[in-house]
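What follows is input-v3.cif (mmCIF, C-alpha atoms and all ligand atoms; chains and numbers go by the auth columns).
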data_query
loop_
_atom_site.group_PDB
_atom_site.id
_atom_site.type_symbol
_atom_site.label_atom_id
_atom_site.label_comp_id
_atom_site.label_asym_id
_atom_site.label_seq_id
_atom_site.Cartn_x
_atom_site.Cartn_y
_atom_site.Cartn_z
_atom_site.B_iso_or_equiv
_atom_site.auth_seq_id
_atom_site.auth_asym_id
ATOM 1 C CA MET A 1 -9.328 31.797 -5.967 0.00 1 A
ATOM 2 C CA ILE A 2 -10.953 28.436 -6.662 0.00 2 A
ATOM 3 C CA LEU A 3 -7.563 26.721 -6.304 0.00 3 A
ATOM 4 C CA ASP A 4 -7.277 27.951 -2.704 0.00 4 A
ATOM 5 C CA LYS A 5 -10.688 26.434 -1.986 0.00 5 A
ATOM 6 C CA LEU A 6 -9.629 23.168 -3.627 0.00 6 A
ATOM 7 C CA LYS A 7 -6.488 23.032 -1.469 0.00 7 A
ATOM 8 C CA GLU A 8 -8.622 23.610 1.620 0.00 8 A
ATOM 9 C CA ALA A 9 -10.993 20.859 0.467 0.00 9 A
ATOM 10 C CA THR A 10 -8.053 18.497 -0.092 0.00 10 A
ATOM 11 C CA ASP A 11 -7.047 18.961 3.541 0.00 11 A
ATOM 12 C CA ILE A 12 -10.618 18.417 4.743 0.00 12 A
ATOM 13 C CA HIS A 13 -10.897 15.301 2.593 0.00 13 A
ATOM 14 C CA TYR A 14 -7.576 13.764 3.647 0.00 14 A
ATOM 15 C CA ASN A 15 -8.120 14.512 7.318 0.00 15 A
ATOM 16 C CA LYS A 16 -11.698 13.218 7.531 0.00 16 A
ATOM 17 C CA HIS A 17 -12.024 10.687 10.296 0.00 17 A
ATOM 18 C CA ARG A 18 -11.899 7.179 8.823 0.00 18 A
ATOM 19 C CA GLU A 19 -12.535 4.033 10.755 0.00 19 A
ATOM 20 C CA GLY A 20 -9.677 1.544 10.817 0.00 20 A
ATOM 21 C CA ILE A 21 -6.192 1.546 9.363 0.00 21 A
ATOM 22 C CA HIS A 22 -6.304 2.042 5.607 0.00 22 A
ATOM 23 C CA VAL A 23 -4.194 0.008 3.217 0.00 23 A
ATOM 24 C CA SER A 24 -2.883 3.171 1.556 0.00 24 A
ATOM 25 C CA ASP A 25 -1.635 4.430 4.957 0.00 25 A
ATOM 26 C CA ILE A 26 0.503 1.368 5.581 0.00 26 A
ATOM 27 C CA THR A 27 1.675 0.530 2.076 0.00 27 A
ATOM 28 C CA LEU A 28 3.169 3.950 1.222 0.00 28 A
ATOM 29 C CA CYS A 29 4.880 5.324 4.339 0.00 29 A
ATOM 30 C CA PRO A 30 3.272 4.310 7.652 0.00 30 A
ATOM 31 C CA ARG A 31 5.347 6.894 9.518 0.00 31 A
ATOM 32 C CA GLU A 32 4.021 9.704 7.331 0.00 32 A
ATOM 33 C CA ALA A 33 0.472 8.475 8.056 0.00 33 A
ATOM 34 C CA CYS A 34 1.297 8.711 11.768 0.00 34 A
ATOM 35 C CA PHE A 35 2.650 12.263 11.450 0.00 35 A
ATOM 36 C CA ARG A 36 -0.455 13.253 9.481 0.00 36 A
ATOM 37 C CA ALA A 37 -2.794 11.753 12.075 0.00 37 A
ATOM 38 C CA LEU A 38 -0.994 13.550 14.925 0.00 38 A
ATOM 39 C CA GLU A 39 -0.777 16.935 13.222 0.00 39 A
ATOM 40 C CA PRO A 40 -2.903 19.488 15.154 0.00 40 A
ATOM 41 C CA LYS A 41 -5.931 20.547 13.097 0.00 41 A
ATOM 42 C CA ASP A 42 -8.886 22.918 13.355 0.00 42 A
ATOM 43 C CA LYS A 43 -12.492 21.706 13.648 0.00 43 A
ATOM 44 C CA ASP A 44 -12.725 21.146 9.860 0.00 44 A
ATOM 45 C CA GLY A 45 -9.578 19.054 9.720 0.00 45 A
ATOM 46 C CA ILE A 46 -7.298 21.770 8.321 0.00 46 A
ATOM 47 C CA PRO A 47 -3.786 21.712 9.830 0.00 47 A
ATOM 48 C CA ILE A 48 -3.153 24.694 12.117 0.00 48 A
ATOM 49 C CA ASP A 49 0.451 24.882 10.852 0.00 49 A
ATOM 50 C CA LYS A 50 0.200 26.426 7.368 0.00 50 A
ATOM 51 C CA THR A 51 3.305 24.553 6.158 0.00 51 A
ATOM 52 C CA LYS A 52 1.431 21.260 6.665 0.00 52 A
ATOM 53 C CA ARG A 53 -1.560 22.219 4.507 0.00 53 A
ATOM 54 C CA ALA A 54 -2.267 20.854 1.025 0.00 54 A
ATOM 55 C CA THR A 55 -0.242 22.336 -1.835 0.00 55 A
ATOM 56 C CA ASN A 56 -0.865 22.587 -5.585 0.00 56 A
ATOM 57 C CA THR A 57 1.088 19.320 -5.913 0.00 57 A
ATOM 58 C CA ASP A 58 -1.302 17.588 -3.486 0.00 58 A
ATOM 59 C CA VAL A 59 -4.330 18.768 -5.509 0.00 59 A
ATOM 60 C CA ASN A 60 -2.585 17.612 -8.686 0.00 60 A
ATOM 61 C CA PHE A 61 -1.967 14.094 -7.285 0.00 61 A
ATOM 62 C CA PHE A 62 -5.514 13.954 -5.948 0.00 62 A
ATOM 63 C CA SER A 63 -7.214 15.036 -9.183 0.00 63 A
ATOM 64 C CA SER A 64 -5.182 12.884 -11.585 0.00 64 A
ATOM 65 C CA GLY A 65 -5.463 9.852 -9.284 0.00 65 A
ATOM 66 C CA HIS A 66 -9.226 10.197 -8.976 0.00 66 A
ATOM 67 C CA ALA A 67 -9.761 10.836 -12.672 0.00 67 A
ATOM 68 C CA ILE A 68 -8.518 7.383 -13.710 0.00 68 A
ATOM 69 C CA HIS A 69 -10.285 5.588 -10.826 0.00 69 A
ATOM 70 C CA GLU A 70 -13.622 7.163 -11.526 0.00 70 A
ATOM 71 C CA ALA A 71 -13.400 6.771 -15.310 0.00 71 A
ATOM 72 C CA ILE A 72 -12.617 3.055 -15.257 0.00 72 A
ATOM 73 C CA GLN A 73 -15.213 2.443 -12.556 0.00 73 A
ATOM 74 C CA ILE A 74 -17.907 4.131 -14.670 0.00 74 A
ATOM 75 C CA LEU A 75 -16.927 2.066 -17.710 0.00 75 A
ATOM 76 C CA ALA A 76 -16.542 -1.237 -15.842 0.00 76 A
ATOM 77 C CA SER A 77 -19.962 -0.797 -14.219 0.00 77 A
ATOM 78 C CA TYR A 78 -21.487 -1.896 -17.547 0.00 78 A
ATOM 79 C CA PHE A 79 -20.159 -5.410 -16.848 0.00 79 A
ATOM 80 C CA PRO A 80 -21.643 -7.249 -13.842 0.00 80 A
ATOM 81 C CA GLU A 81 -18.552 -9.395 -13.336 0.00 81 A
ATOM 82 C CA TYR A 82 -16.703 -6.394 -11.891 0.00 82 A
ATOM 83 C CA GLU A 83 -17.296 -5.251 -8.335 0.00 83 A
ATOM 84 C CA ILE A 84 -16.599 -1.535 -8.078 0.00 84 A
ATOM 85 C CA GLU A 85 -14.667 -0.132 -5.091 0.00 85 A
ATOM 86 C CA LYS A 86 -14.737 -3.476 -3.302 0.00 86 A
ATOM 87 C CA GLU A 87 -14.320 -2.975 0.449 0.00 87 A
ATOM 88 C CA ILE A 88 -12.175 -5.469 2.311 0.00 88 A
ATOM 89 C CA LYS A 89 -11.579 -5.707 6.048 0.00 89 A
ATOM 90 C CA HIS A 90 -9.034 -7.702 7.989 0.00 90 A
ATOM 91 C CA GLY A 91 -8.974 -6.898 11.704 0.00 91 A
ATOM 92 C CA ASP A 92 -8.433 -3.124 11.832 0.00 92 A
ATOM 93 C CA ILE A 93 -7.192 -3.001 8.254 0.00 93 A
ATOM 94 C CA VAL A 94 -9.576 -1.549 5.660 0.00 94 A
ATOM 95 C CA GLY A 95 -9.029 -1.385 1.909 0.00 95 A
ATOM 96 C CA HIS A 96 -10.979 -0.339 -1.160 0.00 96 A
ATOM 97 C CA ILE A 97 -10.032 -2.071 -4.388 0.00 97 A
ATOM 98 C CA ASP A 98 -10.784 -0.060 -7.547 0.00 98 A
ATOM 99 C CA LEU A 99 -12.225 -3.082 -9.366 0.00 99 A
ATOM 100 C CA PHE A 100 -12.539 -6.726 -8.474 0.00 100 A
ATOM 101 C CA ASP A 101 -12.991 -9.334 -11.201 0.00 101 A
ATOM 102 C CA LYS A 102 -15.452 -11.659 -9.447 0.00 102 A
ATOM 103 C CA THR A 103 -15.295 -14.330 -12.148 0.00 103 A
ATOM 104 C CA ASN A 104 -11.538 -14.802 -11.992 0.00 104 A
ATOM 105 C CA HIS A 105 -10.963 -13.548 -8.421 0.00 105 A
ATOM 106 C CA ILE A 106 -8.553 -10.804 -9.493 0.00 106 A
ATOM 107 C CA PRO A 107 -8.107 -7.400 -7.798 0.00 107 A
ATOM 108 C CA ILE A 108 -7.465 -4.596 -10.309 0.00 108 A
ATOM 109 C CA GLU A 109 -5.856 -1.274 -9.479 0.00 109 A
ATOM 110 C CA ALA A 110 -5.929 1.713 -11.847 0.00 110 A
ATOM 111 C CA LYS A 111 -3.170 4.310 -11.783 0.00 111 A
ATOM 112 C CA SER A 112 -2.072 7.287 -13.815 0.00 112 A
ATOM 113 C CA ALA A 113 1.570 8.214 -14.395 0.00 113 A
ATOM 114 C CA ARG A 114 3.161 11.326 -15.865 0.00 114 A
ATOM 115 C CA LYS A 115 5.179 9.203 -18.286 0.00 115 A
ATOM 116 C CA GLY A 116 5.171 8.300 -21.962 0.00 116 A
ATOM 117 C CA THR A 117 6.186 4.661 -21.474 0.00 117 A
ATOM 118 C CA MET A 118 6.429 2.174 -18.613 0.00 118 A
ATOM 119 C CA GLU A 119 8.220 -1.174 -18.787 0.00 119 A
ATOM 120 C CA GLU A 120 7.677 -2.228 -15.158 0.00 120 A
ATOM 121 C CA PRO A 121 5.004 -1.203 -12.667 0.00 121 A
ATOM 122 C CA GLN A 122 6.241 1.264 -10.067 0.00 122 A
ATOM 123 C CA ALA A 123 7.119 -0.132 -6.650 0.00 123 A
ATOM 124 C CA HIS A 124 4.315 1.668 -4.805 0.00 124 A
ATOM 125 C CA TYR A 125 1.718 0.355 -7.263 0.00 125 A
ATOM 126 C CA LEU A 126 2.925 -3.174 -6.568 0.00 126 A
ATOM 127 C CA LYS A 127 2.944 -2.688 -2.781 0.00 127 A
ATOM 128 C CA GLN A 128 -0.687 -1.680 -2.844 0.00 128 A
ATOM 129 C CA LEU A 129 -1.726 -4.417 -5.263 0.00 129 A
ATOM 130 C CA GLU A 130 0.143 -7.055 -3.241 0.00 130 A
ATOM 131 C CA ALA A 131 -1.710 -5.892 -0.123 0.00 131 A
ATOM 132 C CA TYR A 132 -5.036 -6.358 -1.914 0.00 132 A
ATOM 133 C CA MET A 133 -3.944 -9.733 -3.266 0.00 133 A
ATOM 134 C CA ALA A 134 -2.989 -10.844 0.251 0.00 134 A
ATOM 135 C CA LEU A 135 -6.237 -9.523 1.738 0.00 135 A
ATOM 136 C CA THR A 136 -8.391 -11.261 -0.884 0.00 136 A
ATOM 137 C CA ASN A 137 -6.147 -14.323 -1.136 0.00 137 A
ATOM 138 C CA ALA A 138 -5.813 -13.808 -4.881 0.00 138 A
ATOM 139 C CA ASP A 139 -2.836 -15.307 -6.687 0.00 139 A
ATOM 140 C CA THR A 140 -3.158 -12.850 -9.597 0.00 140 A
ATOM 141 C CA GLY A 141 -3.640 -9.084 -9.645 0.00 141 A
ATOM 142 C CA ILE A 142 -3.702 -6.468 -12.388 0.00 142 A
ATOM 143 C CA ILE A 143 -2.404 -2.907 -12.500 0.00 143 A
ATOM 144 C CA LEU A 144 -3.788 -0.738 -15.301 0.00 144 A
ATOM 145 C CA VAL A 145 -1.708 2.391 -15.876 0.00 145 A
ATOM 146 C CA GLN A 146 -2.739 5.396 -17.928 0.00 146 A
ATOM 147 C CA LEU A 147 0.356 7.101 -19.350 0.00 147 A
ATOM 148 C CA LEU A 148 -0.460 10.795 -19.267 0.00 148 A
ATOM 149 C CA GLN A 149 2.522 11.723 -21.443 0.00 149 A
ATOM 150 C CA HIS A 150 1.743 9.200 -24.190 0.00 150 A
ATOM 151 C CA PHE A 151 0.184 10.993 -27.132 0.00 151 A
ATOM 152 C CA LYS A 152 -0.025 8.113 -29.605 0.00 152 A
ATOM 153 C CA ASP A 153 -2.269 5.032 -29.683 0.00 153 A
ATOM 154 C CA LYS A 154 -1.001 3.125 -26.616 0.00 154 A
ATOM 155 C CA PRO A 155 -1.735 5.333 -23.621 0.00 155 A
ATOM 156 C CA PHE A 156 -2.506 2.340 -21.343 0.00 156 A
ATOM 157 C CA VAL A 157 -0.305 -0.479 -20.054 0.00 157 A
ATOM 158 C CA GLU A 158 -1.589 -3.497 -18.160 0.00 158 A
ATOM 159 C CA PHE A 159 0.616 -5.469 -15.768 0.00 159 A
ATOM 160 C CA TYR A 160 -0.312 -8.919 -14.487 0.00 160 A
ATOM 161 C CA HIS A 161 1.259 -9.766 -11.142 0.00 161 A
ATOM 162 C CA HIS A 162 1.414 -13.182 -9.459 0.00 162 A
ATOM 163 C CA MET A 163 2.083 -14.180 -5.842 0.00 163 A
ATOM 164 C CA THR A 164 2.584 -17.531 -4.207 0.00 164 A
ATOM 165 C CA GLU A 165 0.652 -18.490 -1.081 0.00 165 A
ATOM 166 C CA GLU A 166 3.815 -17.958 1.019 0.00 166 A
ATOM 167 C CA GLN A 167 4.285 -14.482 -0.433 0.00 167 A
ATOM 168 C CA ARG A 168 0.668 -13.593 0.340 0.00 168 A
ATOM 169 C CA GLU A 169 1.044 -14.845 3.909 0.00 169 A
ATOM 170 C CA ALA A 170 4.239 -12.810 4.393 0.00 170 A
ATOM 171 C CA THR A 171 2.525 -9.704 2.991 0.00 171 A
ATOM 172 C CA LEU A 172 -0.451 -10.201 5.299 0.00 172 A
ATOM 173 C CA LYS A 173 1.839 -10.490 8.338 0.00 173 A
ATOM 174 C CA GLN A 174 3.681 -7.306 7.336 0.00 174 A
ATOM 175 C CA LEU A 175 0.345 -5.476 6.968 0.00 175 A
ATOM 176 C CA GLU A 176 -0.721 -6.689 10.409 0.00 176 A
ATOM 177 C CA ARG A 177 2.606 -5.536 11.940 0.00 177 A
ATOM 178 C CA ASP A 178 2.357 -2.150 10.240 0.00 178 A
ATOM 179 C CA ALA A 179 -1.235 -1.659 11.397 0.00 179 A
ATOM 180 C CA ILE A 180 -0.268 -2.424 15.008 0.00 180 A
ATOM 181 C CA GLN A 181 2.741 -0.087 14.824 0.00 181 A
ATOM 182 C CA LEU A 182 0.695 2.736 13.300 0.00 182 A
ATOM 183 C CA LYS A 183 -2.026 2.429 15.938 0.00 183 A
ATOM 184 C CA SER A 184 0.580 2.375 18.673 0.00 184 A
ATOM 185 C CA GLY A 185 2.444 5.374 17.198 0.00 185 A
ATOM 186 C CA ILE A 186 -0.799 7.378 17.080 0.00 186 A
ATOM 187 C CA MET A 187 -1.964 6.329 20.578 0.00 187 A
ATOM 188 C CA ASN A 188 1.418 7.061 22.157 0.00 188 A
ATOM 189 C CA LEU A 189 2.044 10.224 20.094 0.00 189 A
ATOM 190 C CA MET A 190 5.286 8.660 18.895 0.00 190 A
ATOM 191 C CA PRO A 191 5.838 8.493 15.105 0.00 191 A
ATOM 192 C CA ASN A 192 9.275 7.066 15.807 0.00 192 A
ATOM 193 C CA LEU A 193 7.584 3.760 16.745 0.00 193 A
ATOM 194 C CA VAL A 194 6.344 3.417 13.174 0.00 194 A
ATOM 195 C CA ARG A 195 8.169 1.976 10.155 0.00 195 A
ATOM 196 C CA HIS A 196 9.485 4.477 7.603 0.00 196 A
ATOM 197 C CA ILE A 197 10.561 4.147 3.963 0.00 197 A
ATOM 198 C CA ALA A 198 13.519 6.554 3.907 0.00 198 A
ATOM 199 C CA ASP A 199 16.007 3.732 3.236 0.00 199 A
ATOM 200 C CA ASP A 200 13.956 2.060 0.516 0.00 200 A
ATOM 201 C CA PRO A 201 15.383 3.227 -2.841 0.00 201 A
ATOM 202 C CA ASN A 202 12.145 2.303 -4.634 0.00 202 A
ATOM 203 C CA LEU A 203 9.884 4.311 -2.363 0.00 203 A
ATOM 204 C CA ASN A 204 11.935 7.099 -0.791 0.00 204 A
ATOM 205 C CA TRP A 205 11.121 9.548 -3.622 0.00 205 A
ATOM 206 C CA LYS A 206 8.090 10.201 -1.406 0.00 206 A
ATOM 207 C CA CYS A 207 10.358 11.901 1.140 0.00 207 A
ATOM 208 C CA ASN A 208 10.888 14.750 -1.360 0.00 208 A
ATOM 209 C CA TYR A 209 7.209 15.668 -1.006 0.00 209 A
ATOM 210 C CA CYS A 210 6.836 14.864 2.683 0.00 210 A
ATOM 211 C CA LYS A 211 5.706 17.694 4.953 0.00 211 A
ATOM 212 C CA TRP A 212 7.295 15.953 7.938 0.00 212 A
ATOM 213 C CA PHE A 213 10.723 15.449 6.369 0.00 213 A
ATOM 214 C CA ASN A 214 12.561 17.409 9.090 0.00 214 A
ATOM 215 C CA PRO A 215 11.069 15.737 12.180 0.00 215 A
ATOM 216 C CA CYS A 216 11.383 12.361 10.470 0.00 216 A
ATOM 217 C CA LEU A 217 15.071 12.999 9.759 0.00 217 A
ATOM 218 C CA ALA A 218 15.596 14.085 13.366 0.00 218 A
ATOM 219 C CA PHE A 219 14.001 10.830 14.576 0.00 219 A
ATOM 220 C CA ARG A 220 16.133 8.776 12.216 0.00 220 A
ATOM 221 C CA LYS A 221 19.284 10.459 13.506 0.00 221 A
ATOM 222 C CA LEU A 222 18.132 9.722 17.044 0.00 222 A
ATOM 223 C CA GLU A 223 17.422 6.077 16.178 0.00 223 A
ATOM 224 C CA SER A 224 20.949 5.689 14.832 0.00 224 A
ATOM 225 C CA LEU A 225 22.410 6.551 18.249 0.00 225 A
ATOM 226 C CA ASP A 226 23.270 3.722 20.628 0.00 226 A
ATOM 227 C CA LYS A 227 21.588 5.357 23.601 0.00 227 A
ATOM 228 C CA PRO A 228 18.990 7.876 22.500 0.00 228 A
ATOM 229 C CA ASN A 229 18.044 10.577 24.987 0.00 229 A
ATOM 230 C CA GLU A 230 14.415 9.894 25.983 0.00 230 A
ATOM 231 C CA ASN A 231 13.567 13.616 26.209 0.00 231 A
ATOM 232 C CA ALA A 232 14.732 14.140 22.641 0.00 232 A
ATOM 233 C CA VAL A 233 11.525 12.564 21.251 0.00 233 A
ATOM 234 C CA GLU A 234 9.395 15.245 22.914 0.00 234 A
ATOM 235 C CA GLU A 235 11.758 17.968 21.730 0.00 235 A
ATOM 236 C CA ILE A 236 11.374 16.874 18.082 0.00 236 A
ATOM 237 C CA LEU A 237 7.589 16.951 18.341 0.00 237 A
HETATM 238 S S1 LIG B . 10.356 11.791 5.282 0.00 1 Z
HETATM 239 FE FE1 LIG B . 10.022 9.942 4.099 0.00 1 Z
HETATM 240 S S2 LIG B . 10.279 8.270 5.564 0.00 1 Z
HETATM 241 FE FE2 LIG B . 9.934 10.128 6.718 0.00 1 Z
HETATM 242 S S3 LIG B . 7.755 10.225 7.127 0.00 1 Z
HETATM 243 FE FE3 LIG B . 8.154 11.386 5.254 0.00 1 Z
HETATM 244 S S4 LIG B . 7.861 9.942 3.586 0.00 1 Z
HETATM 245 FE FE4 LIG B . 8.092 8.750 5.445 0.00 1 Z
#

Here is the file; what I need is its structure written in the form of structure tokens.
Ligand code: SF4
Amino acid sequence: MILDKLKEATDIHYNKHREGIHVSDITLCPREACFRALEPKDKDGIPIDKTKRATNTDVNFFSSGHAIHEAIQILASYFPEYEIEKEIKHGDIVGHIDLFDKTNHIPIEAKSARKGTMEEPQAHYLKQLEAYMALTNADTGIILVQLLQHFKDKPFVEFYHHMTEEQREATLKQLERDAIQLKSGIMNLMPNLVRHIADDPNLNWKCNYCKWFNPCLAFRKLESLDKPNENAVEEIL
């Protein structure tokens, strides 16, 4: 079945070796990125444990996410003021901004949502945009959302977002901390060293789709103890 091949390809794609710590790894759930990096894989990058392989839902997120990115990048390429897929680097941190308005110094992120309306941008859209604003030192950013369940004449919403210099500095410091933690978690084979989002009510919907929910929960229970048993970390992994 072609879908089985696409799921396999999704695993290969997501597990390709990438240099640096990517913005998407540290703005969604850094601990999940650590679990994913440590998961044993075959030579192609496919997890040995079948329960950790890409699902139909993963292919769905991948295809709808890429559709909007690629479409707006094709259309924006007709205007020279937009830089497409702008790469930014800050120490080990690497990011790719969908579009960058060079004239006004504005990063632009394109998203798709399975909704008919949206009053406020979703928290994870903002986290990613704020990271790009901090990394480019931009006081304004834009999120363009395609509403996949809107069947009338307003299927797009555009959100302008502003940050002060202090907010950008704080975001940059958090990114730097997260990048250090993620590197350390991967090097020491210890996801429990890495920040998680389970207690964040705006982001913890991700836990419902997380393939490492059980080990993460076990770590969180361990972290809540006054004196965790050192051997318990190895037992969870
Ligand atoms: S269960 Fe939630 S907090 Fe834990 S690694 Fe997965 S997404 Fe992150």

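Among the candidates A:Met190, A:Ile21, A:Ala110, A:Leu99, the one nearest to A:Phe79 when counting all atoms listed in the file is A:Leu99.
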
For this session: Identify, counting all atoms listed in the file, the protein, DNA and RNA residues located within 10 Å of ligand LIG 1 (chain Z), and give them as a VMD selection string.
Result: chain A and resid 28 to 36 191 to 192 194 to 200 203 to 220

Exercise. If we count all atoms listed in the file, what is near A:Tyr82 at a cut-off of 8 Å, once residues fewer than 6 positions away on the same chain are taken out, given as an NGL selection string?
Worked result: :A and (76 or 99-102)

Exercise. Could you work out how far atom CA of A:Arg114 lies from atom CA of A:Leu148, giving the answer in Å with one decimal?
Worked result: 5.0 Å

Exercise. Taking the file as shown, what set of residues would the PyMOL selection byres (((chain A and resi 124-134) around 10) and not hetatm) give back, as a ChimeraX atom specification?
Worked result: /A:23-29,88,95-97,100,105-111,120-123,135-145,159,161-175,202-203,206

For this session: To one decimal in Å, tell me the separation between atom CA of A:Glu81 and atom CA of A:Lys154.
Result: 25.3 Å

With N, CA and C atoms as the atom set, please write stretch 127-146 of chain A from the structure just given, as a PDB file, in the first residue's frame.
ATOM      1  N   LYS A 127       4.855  30.326  19.845  1.00  0.00           N
ATOM      2  CA  LYS A 127       6.181  29.942  20.377  1.00  0.00           C
ATOM      3  C   LYS A 127       7.204  29.944  19.252  1.00  0.00           C
ATOM      4  N   GLN A 128       6.812  29.338  18.136  1.00  0.00           N
ATOM      5  CA  GLN A 128       7.759  29.240  17.027  1.00  0.00           C
ATOM      6  C   GLN A 128       8.037  30.623  16.427  1.00  0.00           C
ATOM      7  N   LEU A 129       6.993  31.404  16.255  1.00  0.00           N
ATOM      8  CA  LEU A 129       7.192  32.745  15.678  1.00  0.00           C
ATOM      9  C   LEU A 129       8.062  33.595  16.604  1.00  0.00           C
ATOM     10  N   GLU A 130       7.789  33.504  17.921  1.00  0.00           N
ATOM     11  CA  GLU A 130       8.585  34.308  18.864  1.00  0.00           C
ATOM     12  C   GLU A 130      10.054  33.908  18.803  1.00  0.00           C
ATOM     13  N   ALA A 131      10.310  32.605  18.615  1.00  0.00           N
ATOM     14  CA  ALA A 131      11.705  32.155  18.485  1.00  0.00           C
ATOM     15  C   ALA A 131      12.340  32.819  17.265  1.00  0.00           C
ATOM     16  N   TYR A 132      11.624  32.836  16.145  1.00  0.00           N
ATOM     17  CA  TYR A 132      12.181  33.453  14.939  1.00  0.00           C
ATOM     18  C   TYR A 132      12.341  34.961  15.100  1.00  0.00           C
ATOM     19  N   MET A 133      11.403  35.573  15.823  1.00  0.00           N
ATOM     20  CA  MET A 133      11.521  37.022  16.055  1.00  0.00           C
ATOM     21  C   MET A 133      12.751  37.308  16.910  1.00  0.00           C
ATOM     22  N   ALA A 134      12.967  36.462  17.927  1.00  0.00           N
ATOM     23  CA  ALA A 134      14.138  36.658  18.799  1.00  0.00           C
ATOM     24  C   ALA A 134      15.427  36.434  18.010  1.00  0.00           C
ATOM     25  N   LEU A 135      15.428  35.399  17.162  1.00  0.00           N
ATOM     26  CA  LEU A 135      16.654  35.057  16.429  1.00  0.00           C
ATOM     27  C   LEU A 135      16.975  36.059  15.320  1.00  0.00           C
ATOM     28  N   THR A 136      15.961  36.766  14.834  1.00  0.00           N
ATOM     29  CA  THR A 136      16.223  37.779  13.795  1.00  0.00           C
ATOM     30  C   THR A 136      16.147  39.192  14.356  1.00  0.00           C
ATOM     31  N   ASN A 137      15.895  39.282  15.659  1.00  0.00           N
ATOM     32  CA  ASN A 137      15.734  40.576  16.328  1.00  0.00           C
ATOM     33  C   ASN A 137      14.674  41.433  15.620  1.00  0.00           C
ATOM     34  N   ALA A 138      13.538  40.806  15.385  1.00  0.00           N
ATOM     35  CA  ALA A 138      12.427  41.502  14.713  1.00  0.00           C
ATOM     36  C   ALA A 138      11.352  41.825  15.741  1.00  0.00           C
ATOM     37  N   ASP A 139      10.883  43.066  15.746  1.00  0.00           N
ATOM     38  CA  ASP A 139       9.854  43.405  16.745  1.00  0.00           C
ATOM     39  C   ASP A 139       8.447  43.027  16.289  1.00  0.00           C
ATOM     40  N   THR A 140       8.299  42.671  15.009  1.00  0.00           N
ATOM     41  CA  THR A 140       6.988  42.258  14.492  1.00  0.00           C
ATOM     42  C   THR A 140       7.136  40.943  13.731  1.00  0.00           C
ATOM     43  N   GLY A 141       6.129  40.087  13.884  1.00  0.00           N
ATOM     44  CA  GLY A 141       6.096  38.826  13.135  1.00  0.00           C
ATOM     45  C   GLY A 141       4.668  38.589  12.675  1.00  0.00           C
ATOM     46  N   ILE A 142       4.519  37.741  11.671  1.00  0.00           N
ATOM     47  CA  ILE A 142       3.178  37.455  11.141  1.00  0.00           C
ATOM     48  C   ILE A 142       2.959  35.940  11.084  1.00  0.00           C
ATOM     49  N   ILE A 143       1.762  35.531  11.501  1.00  0.00           N
ATOM     50  CA  ILE A 143       1.352  34.136  11.310  1.00  0.00           C
ATOM     51  C   ILE A 143       0.172  34.153  10.334  1.00  0.00           C
ATOM     52  N   LEU A 144       0.309  33.399   9.245  1.00  0.00           N
ATOM     53  CA  LEU A 144      -0.779  33.274   8.281  1.00  0.00           C
ATOM     54  C   LEU A 144      -1.353  31.876   8.443  1.00  0.00           C
ATOM     55  N   VAL A 145      -2.650  31.798   8.751  1.00  0.00           N
ATOM     56  CA  VAL A 145      -3.261  30.486   8.998  1.00  0.00           C
ATOM     57  C   VAL A 145      -4.308  30.198   7.930  1.00  0.00           C
ATOM     58  N   GLN A 146      -4.187  29.015   7.329  1.00  0.00           N
ATOM     59  CA  GLN A 146      -5.231  28.548   6.416  1.00  0.00           C
ATOM     60  C   GLN A 146      -6.201  27.683   7.215  1.00  0.00           C
TER      61      GLN A 146
END
